[in-house]
Structure formats: C-alpha cells, structure tokens
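Shown here: query_2.csv, CSV, C-alpha atoms.
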chain,number,residue,atom,x,y,z
A,1,MET,CA,-10.2,-19.8,26.7
A,2,ASN,CA,-11.9,-16.9,28.5
A,3,SER,CA,-12.4,-13.5,26.8
A,4,THR,CA,-9.6,-11.9,28.9
A,5,ALA,CA,-7.0,-14.5,27.9
A,6,CYS,CA,-8.2,-14.3,24.3
A,7,GLY,CA,-7.9,-10.5,24.3
A,8,SER,CA,-4.4,-10.8,25.8
A,9,LEU,CA,-3.4,-13.3,23.2
A,10,ILE,CA,-4.7,-11.1,20.4
A,11,ALA,CA,-2.9,-8.0,21.9
A,12,ALA,CA,0.4,-9.9,22.2
A,13,THR,CA,0.1,-11.2,18.6
A,14,LEU,CA,-0.6,-7.7,17.3
A,15,ALA,CA,2.3,-6.3,19.2
A,16,LEU,CA,4.7,-8.9,17.8
A,17,LEU,CA,3.4,-8.4,14.3
A,18,CYS,CA,3.8,-4.6,14.6
A,19,ALA,CA,7.4,-5.1,15.9
A,20,CYS,CA,8.2,-7.3,13.0
A,21,VAL,CA,6.7,-4.9,10.5
A,22,GLU,CA,8.5,-2.0,12.2
A,23,ASN,CA,11.9,-3.8,12.0
A,24,GLU,CA,11.3,-4.6,8.4
A,25,HIS,CA,10.4,-1.0,7.8
A,26,HIS,CA,13.6,0.3,9.3
A,27,ARG,CA,15.6,-2.3,7.4
A,28,THR,CA,14.5,-1.0,4.0
A,29,GLU,CA,14.2,2.7,4.9
A,30,SER,CA,17.8,3.3,4.3
A,31,ALA,CA,17.6,1.9,0.7
A,32,ALA,CA,18.2,4.6,-1.9
A,33,VAL,CA,15.2,5.8,-3.8
A,34,PRO,CA,15.7,5.3,-7.6
A,35,ALA,CA,15.8,8.6,-9.5
A,36,ALA,CA,12.8,7.5,-11.7
A,37,LEU,CA,10.6,7.5,-8.5
A,38,VAL,CA,11.5,11.0,-7.4
A,39,PRO,CA,8.9,13.7,-8.3
A,40,VAL,CA,10.5,16.7,-10.2
A,41,ASP,CA,9.8,20.3,-9.1
A,42,GLN,CA,7.5,19.2,-6.2
A,43,VAL,CA,7.8,19.5,-2.4
A,44,LEU,CA,6.9,16.9,0.2
A,45,GLU,CA,3.6,17.7,1.9
A,46,LEU,CA,2.8,14.6,3.9
A,47,ARG,CA,4.7,11.4,4.9
A,48,THR,CA,2.7,8.4,6.1
A,49,HIS,CA,3.1,4.8,7.0
A,50,ALA,CA,0.5,2.3,5.8
A,51,VAL,CA,-0.6,-1.0,7.2
A,52,GLY,CA,-3.2,-3.0,5.3
A,53,VAL,CA,-3.8,-5.6,2.7
A,54,GLN,CA,-3.4,-6.1,-1.1
A,55,ILE,CA,-6.5,-8.0,-2.4
A,56,TYR,CA,-6.2,-10.5,-5.2
A,57,VAL,CA,-8.9,-12.5,-7.0
A,58,CYS,CA,-8.5,-15.8,-8.7
A,59,GLU,CA,-9.1,-15.3,-12.5
A,60,PRO,CA,-8.5,-17.1,-15.8
A,61,SER,CA,-5.1,-16.2,-17.1
A,62,HIS,CA,-5.1,-13.6,-20.0
A,63,ASP,CA,-2.5,-15.8,-21.8
A,64,ASP,CA,-4.2,-19.1,-21.3
A,65,PRO,CA,-7.9,-19.2,-20.1
A,66,ALA,CA,-7.5,-22.8,-18.9
A,67,ARG,CA,-4.9,-21.6,-16.3
A,68,PHE,CA,-5.9,-19.4,-13.3
A,69,ASP,CA,-3.8,-16.8,-11.6
A,70,TRP,CA,-4.1,-14.3,-8.7
A,71,ALA,CA,-5.0,-10.9,-10.2
A,72,PHE,CA,-4.7,-7.7,-8.3
A,73,LYS,CA,-8.1,-6.3,-7.3
A,74,ALA,CA,-7.5,-3.4,-4.8
A,75,PRO,CA,-5.6,-2.2,-1.8
A,76,GLU,CA,-7.2,-1.6,1.7
A,77,ALA,CA,-4.9,0.3,4.1
A,78,GLN,CA,-4.9,2.8,6.9
A,79,LEU,CA,-2.2,5.4,6.6
A,80,TYR,CA,-0.7,7.0,9.8
A,81,ASP,CA,1.2,10.2,10.3
A,82,ARG,CA,4.5,10.3,12.2
A,83,LYS,CA,2.7,10.5,15.5
A,84,GLY,CA,0.7,7.3,14.8
A,85,LYS,CA,-2.6,9.2,14.1
A,86,PRO,CA,-4.7,7.7,11.3
A,87,VAL,CA,-5.0,10.4,8.6
A,88,VAL,CA,-5.7,8.7,5.3
A,89,GLN,CA,-7.6,5.7,3.9
A,90,HIS,CA,-6.3,3.9,0.8
A,91,PHE,CA,-8.6,1.9,-1.5
A,92,ALA,CA,-9.4,1.0,-5.1
A,93,GLY,CA,-8.6,3.6,-7.8
A,94,PRO,CA,-5.9,3.7,-6.4
A,95,THR,CA,-7.5,6.4,-4.2
A,96,TRP,CA,-6.3,8.0,-1.0
A,97,GLN,CA,-8.9,9.9,1.1
A,98,ALA,CA,-8.1,12.0,4.1
A,99,ALA,CA,-10.2,12.3,7.2
A,100,ASP,CA,-11.2,15.8,6.1
A,101,GLY,CA,-12.8,14.3,2.9
A,102,SER,CA,-10.2,15.5,0.4
A,103,SER,CA,-8.9,12.8,-1.9
A,104,VAL,CA,-6.5,12.0,-4.7
A,105,VAL,CA,-6.7,9.3,-7.4
A,106,GLY,CA,-3.3,8.2,-8.7
A,107,GLU,CA,-1.9,6.7,-11.9
A,108,VAL,CA,1.4,4.8,-11.9
A,109,VAL,CA,4.1,6.5,-13.9
A,110,ALA,CA,7.2,4.6,-12.7
A,111,ARG,CA,7.9,1.5,-10.7
A,112,ASP,CA,10.9,-0.2,-9.2
A,113,ASN,CA,11.1,-3.7,-7.6
A,114,GLY,CA,12.8,-2.2,-4.5
A,115,PRO,CA,15.3,-4.1,-2.4
A,116,ASP,CA,12.9,-6.8,-1.1
A,117,PRO,CA,12.1,-9.5,-3.6
A,118,LEU,CA,9.2,-10.7,-1.4
A,119,ALA,CA,7.5,-7.3,-1.4
A,120,ILE,CA,5.3,-5.4,-3.8
A,121,PRO,CA,7.1,-2.8,-5.9
A,122,TRP,CA,8.0,0.8,-5.1
A,123,LEU,CA,5.9,3.2,-7.2
A,124,LEU,CA,5.6,6.8,-8.3
A,125,LEU,CA,2.1,7.9,-9.1
A,126,ARG,CA,0.8,11.1,-10.6
A,127,ALA,CA,-2.4,12.6,-9.5
A,128,LYS,CA,-5.1,11.9,-12.1
A,129,SER,CA,-7.7,13.8,-10.1
A,130,ASN,CA,-8.2,15.5,-6.7
A,131,SER,CA,-11.3,16.4,-4.9
A,132,GLY,CA,-12.4,18.3,-1.8
A,133,VAL,CA,-10.6,21.0,0.2
A,134,GLY,CA,-8.0,19.9,2.7
A,135,LEU,CA,-5.0,17.6,3.2
A,136,LEU,CA,-4.9,15.9,-0.2
A,137,ALA,CA,-6.6,18.6,-2.4
A,138,ARG,CA,-3.3,19.8,-3.9
A,139,THR,CA,-1.4,16.5,-4.1
A,140,SER,CA,0.3,16.1,-7.5
A,141,SER,CA,2.4,12.9,-6.9
A,142,VAL,CA,2.4,10.0,-4.5
A,143,GLN,CA,5.4,7.7,-3.8
A,144,ARG,CA,5.1,4.2,-2.3
A,145,LEU,CA,8.3,3.1,-0.8
A,146,ASN,CA,9.8,0.7,1.8
A,147,THR,CA,7.2,-2.0,1.0
A,148,VAL,CA,7.0,-5.2,3.1
A,149,GLY,CA,4.8,-8.1,1.9
A,150,GLY,CA,1.7,-7.7,-0.2
A,151,LYS,CA,2.7,-10.0,-3.1
A,152,ALA,CA,0.1,-12.4,-4.6
A,153,PRO,CA,0.5,-16.0,-3.5
A,154,ALA,CA,3.1,-17.8,-5.5
A,155,GLY,CA,2.0,-20.6,-7.8
A,156,GLY,CA,-1.3,-19.3,-9.1
A,157,CYS,CA,-4.6,-20.8,-8.2
A,158,GLY,CA,-6.9,-23.4,-9.7
A,159,ALA,CA,-10.3,-23.4,-11.4
A,160,GLY,CA,-11.8,-24.5,-8.1
A,161,LEU,CA,-10.8,-21.2,-6.5
A,162,ALA,CA,-12.1,-19.1,-9.5
A,163,GLY,CA,-13.7,-15.9,-8.1
A,164,SER,CA,-12.3,-16.3,-4.6
A,165,GLU,CA,-10.2,-13.5,-3.0
A,166,VAL,CA,-7.1,-13.5,-0.9
A,167,ARG,CA,-6.0,-10.6,1.3
A,168,VAL,CA,-2.2,-10.3,1.7
A,169,GLN,CA,-0.8,-8.2,4.6
A,170,TYR,CA,1.5,-5.4,3.6
A,171,SER,CA,3.0,-2.2,4.9
A,172,ALA,CA,4.6,0.7,3.1
A,173,ASP,CA,5.5,4.4,3.3
A,174,TYR,CA,3.4,6.8,1.2
A,175,LEU,CA,4.8,10.2,0.5
A,176,PHE,CA,2.5,12.9,-0.8
A,177,TYR,CA,3.9,15.8,-2.9
A,178,ARG,CA,2.5,19.0,-4.2
A,179,ALA,CA,3.7,21.4,-6.9
A,180,ARG,CA,6.4,23.9,-5.8
A,181,SER,CA,4.7,27.3,-5.2
Rewrite the coordinates I just gave you, this time as structure tokens.
Amino acid sequence: MNSTACGSLIAATLALLCACVENEHHRTESAAVPAALVPVDQVLELRTHAVGVQIYVCEPSHDDPARFDWAFKAPEAQLYDRKGKPVVQHFAGPTWQAADGSSVVGEVVARDNGPDPLAIPWLLLRAKSNSGVGLLARTSSVQRLNTVGGKAPAGGCGAGLAGSEVRVQYSADYLFYRARS
C-alpha cells in the first residue's frame, strides 16, 4: 500500500471514529446530571470535550495476590473547547494543564455510574491545588460527564501480563468551575 493510500485509510478511519464518538456523545448529553455531581455556589468557567485514553496496568489483586487485575494508572487526554481548539492536557494526578501553563490537580468527591454501563463513571472533583496564572488558576471544581468507553478490559489479566499496560480509548466532557465572585 503506498503512503497516499495509507494516509487516506487512516484519515477515513479517524473520521469514522470521531463520528461514532460524537454520536455517542450526543446520545448521553441529554442525561440528567445527578445532584451529587453539581458544584454548589460555583459558576461554569470552561466547558471542554476530551478525547484520549485511560491507562491500566496488570497488577496482583489486593484481595488475592495470586490473582491479577487491571489497575487504573493514569489518564492521557486532549481537551478541546467548543470551537475544536485544543486548550487543556489531562494526565496523572489527576491534573489538567492549560496551554497558558496554569493547572489544577483534582480530588474525587462524588461519582455516579452514569447512563452507559460500558463507560467510566461520571465524577465531581474538587481542586486540591492550582498553579500558574491563567485559564485554570481559579478552578475550584471539575465535572467529568458524558463518558464513552475507558473501562478496564473485562476478565482481569494473568501473571504472564504482570506489569504490562493497556490503553483504553475514551471521551468525556470536562466542565471547569470557579467560586462565585
């Protein structure tokens, strides 16, 4: 296969994947947000859509060291604003870092399984710390909603895979809130 055909195939595959993710996103967007996931006395500052992976590592089970399970390691995602411009990177911590260098590290305070049993849960996180001056410097809460995918592989893993990682595709909406002035 020549490079032009390969490039076209990759572009077509990505377009199809994005269309599927977008359809799934719109399907869950109308689901009601549980009250426990709504920040109190805060205002929405930024709404983003994330596309990335949830990374899992094969480890001995905490309950039975002879059994191995996929344990969550970290997220890796690019967050886009409503115009499709990349504005925030999401990685271990959980941390969100804006293009301007400002960042927020979150801590889960509430979770809900959401409407899709095949997707990672919806979350409300409070800001544990902020740094820099800019987009995320005043963030006090982060919501993760409308998740698609991202769950660890079903069935666990075996000792032969110990230490190996798997990257599971996901998408979600992340909403950033700040204290009401």
With all atoms listed in the file as the basis for distance, which of A:Leu161, A:Val105, A:Ala99, A:Leu145 is at the shortest distance from Pro121 in chain A? A:Leu145
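Within a radius of 6 Å around (-15.4, 19.3, 3.2), the polymer residues are Gly101, Gly132 and Val133 of chain A, counting only C-alpha atoms.
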Could you give me, as a list of chain:residue names, the residues that sit within 8 Å of (-4.5, -5.4, -2.9) in the file's coordinates, counting only C-alpha atoms? A:Val53, A:Gln54, A:Ile55, A:Tyr56, A:Phe72, A:Lys73, A:Ala74, A:Pro75, A:Glu76, A:Gly150, A:Arg167, A:Val168
Leaving out Pro86 in chain A and any residue of its chain fewer than 3 positions from it, which residues lie within 10 Å of it when counting only C-alpha atoms, given as a PyMOL selection string? chain A and resi 48-50+78-83+89+98-99
Since we have the selection now, will you write its residues out, keeping C-alpha atoms, as an mmCIF file, keeping the file's coordinate frame?
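This went into part.cif:
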data_model
loop_
_atom_site.group_PDB
_atom_site.id
_atom_site.type_symbol
_atom_site.label_atom_id
_atom_site.label_comp_id
_atom_site.auth_asym_id
_atom_site.auth_seq_id
_atom_site.Cartn_x
_atom_site.Cartn_y
_atom_site.Cartn_z
ATOM 1 C CA THR A 48 2.700 8.400 6.100
ATOM 2 C CA HIS A 49 3.100 4.800 7.000
ATOM 3 C CA ALA A 50 0.500 2.300 5.800
ATOM 4 C CA GLN A 78 -4.900 2.800 6.900
ATOM 5 C CA LEU A 79 -2.200 5.400 6.600
ATOM 6 C CA TYR A 80 -0.700 7.000 9.800
ATOM 7 C CA ASP A 81 1.200 10.200 10.300
ATOM 8 C CA ARG A 82 4.500 10.300 12.200
ATOM 9 C CA LYS A 83 2.700 10.500 15.500
ATOM 10 C CA GLN A 89 -7.600 5.700 3.900
ATOM 11 C CA ALA A 98 -8.100 12.000 4.100
ATOM 12 C CA ALA A 99 -10.200 12.300 7.200
#
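Computed from the coordinates, the CA of Ala71 in chain A to CA of Ala159 in chain A distance equals 13.6 Å.
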Give me, please, the distance in Å between CA of Asp64 in chain A and CA of Ala110 in chain A, quoted to one decimal.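 Computing the Euclidean distance for CA of Asp64 in chain A and CA of Ala110 in chain A yields 27.7 Å.
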Between CA of Val108 in chain A and CA of Gly52 in chain A, what is the distance in Å, rounded to a tenth?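 CA of Gly52 in chain A lies at a distance of 19.4 Å from CA of Val108 in chain A.
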Taking all atoms listed in the file into account, name the residue in A:Ala179, A:Leu118, A:Val104, A:Val57 that is nearest to Gly158 in chain A.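 Ranking A:Ala179, A:Leu118, A:Val104, A:Val57 by distance to Gly158 in chain A, first place goes to A:Val57.
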Would you mind telling me which residue in A:Glu45, A:Asp116, A:Glu165, A:Asp173 lies nearest to Arg144 in chain A when using all atoms listed in the file?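 Of A:Glu45, A:Asp116, A:Glu165, A:Asp173, the one nearest Arg144 in chain A is A:Asp173, counting all atoms listed in the file.
Near Gly156 in chain A, within 9 Å and counting all atoms listed in the file, sit A:Cys58, A:Arg67, A:Phe68, A:Asp69, A:Trp70, A:Ala152; same-chain residues fewer than 4 positions away were not included.
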Writer output for current selection, C-alpha atoms, as a PDB file, in the coordinates of the input:
ATOM      1  CA  CYS A  58      -8.500 -15.800  -8.700  1.00  0.00           C
ATOM      2  CA  ARG A  67      -4.900 -21.600 -16.300  1.00  0.00           C
ATOM      3  CA  PHE A  68      -5.900 -19.400 -13.300  1.00  0.00           C
ATOM      4  CA  ASP A  69      -3.800 -16.800 -11.600  1.00  0.00           C
ATOM      5  CA  TRP A  70      -4.100 -14.300  -8.700  1.00  0.00           C
ATOM      6  CA  ALA A 152       0.100 -12.400  -4.600  1.00  0.00           C
TER       7      ALA A 152
END
Gly149 in chain A proximity check over A:Ile120, A:Val87, A:Leu46, A:Val33, using all atoms listed in the file: winner is A:Ile120
When you look at Ala35 in chain A with a cut-off of 12 Å (counting all atoms listed in the file), what residues show up, excluding the ones that are within fewer than 6 positions of it in the same chain? I need them as a ChimeraX atom specification. /A:110-112,122-124,143
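Shortest separation to Ala66 in chain A among A:Cys157, A:Ala119, A:Val148, A:Ala32 occurs at residue A:Cys157, atoms counted being all atoms listed in the file.
Each of A:Asn146, A:Ser141, A:Ser129, A:Ser61 was checked against Val38 in chain A using only C-alpha atoms; the smallest atom-to-atom distance is that of A:Ser141.
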When you look at Ser102 in chain A with a cut-off of 8 Å (counting only C-alpha atoms), what residues show up, excluding the ones that are within fewer than 6 positions of it in the same chain? I need them as a PyMOL selection string. chain A and resi 130-137
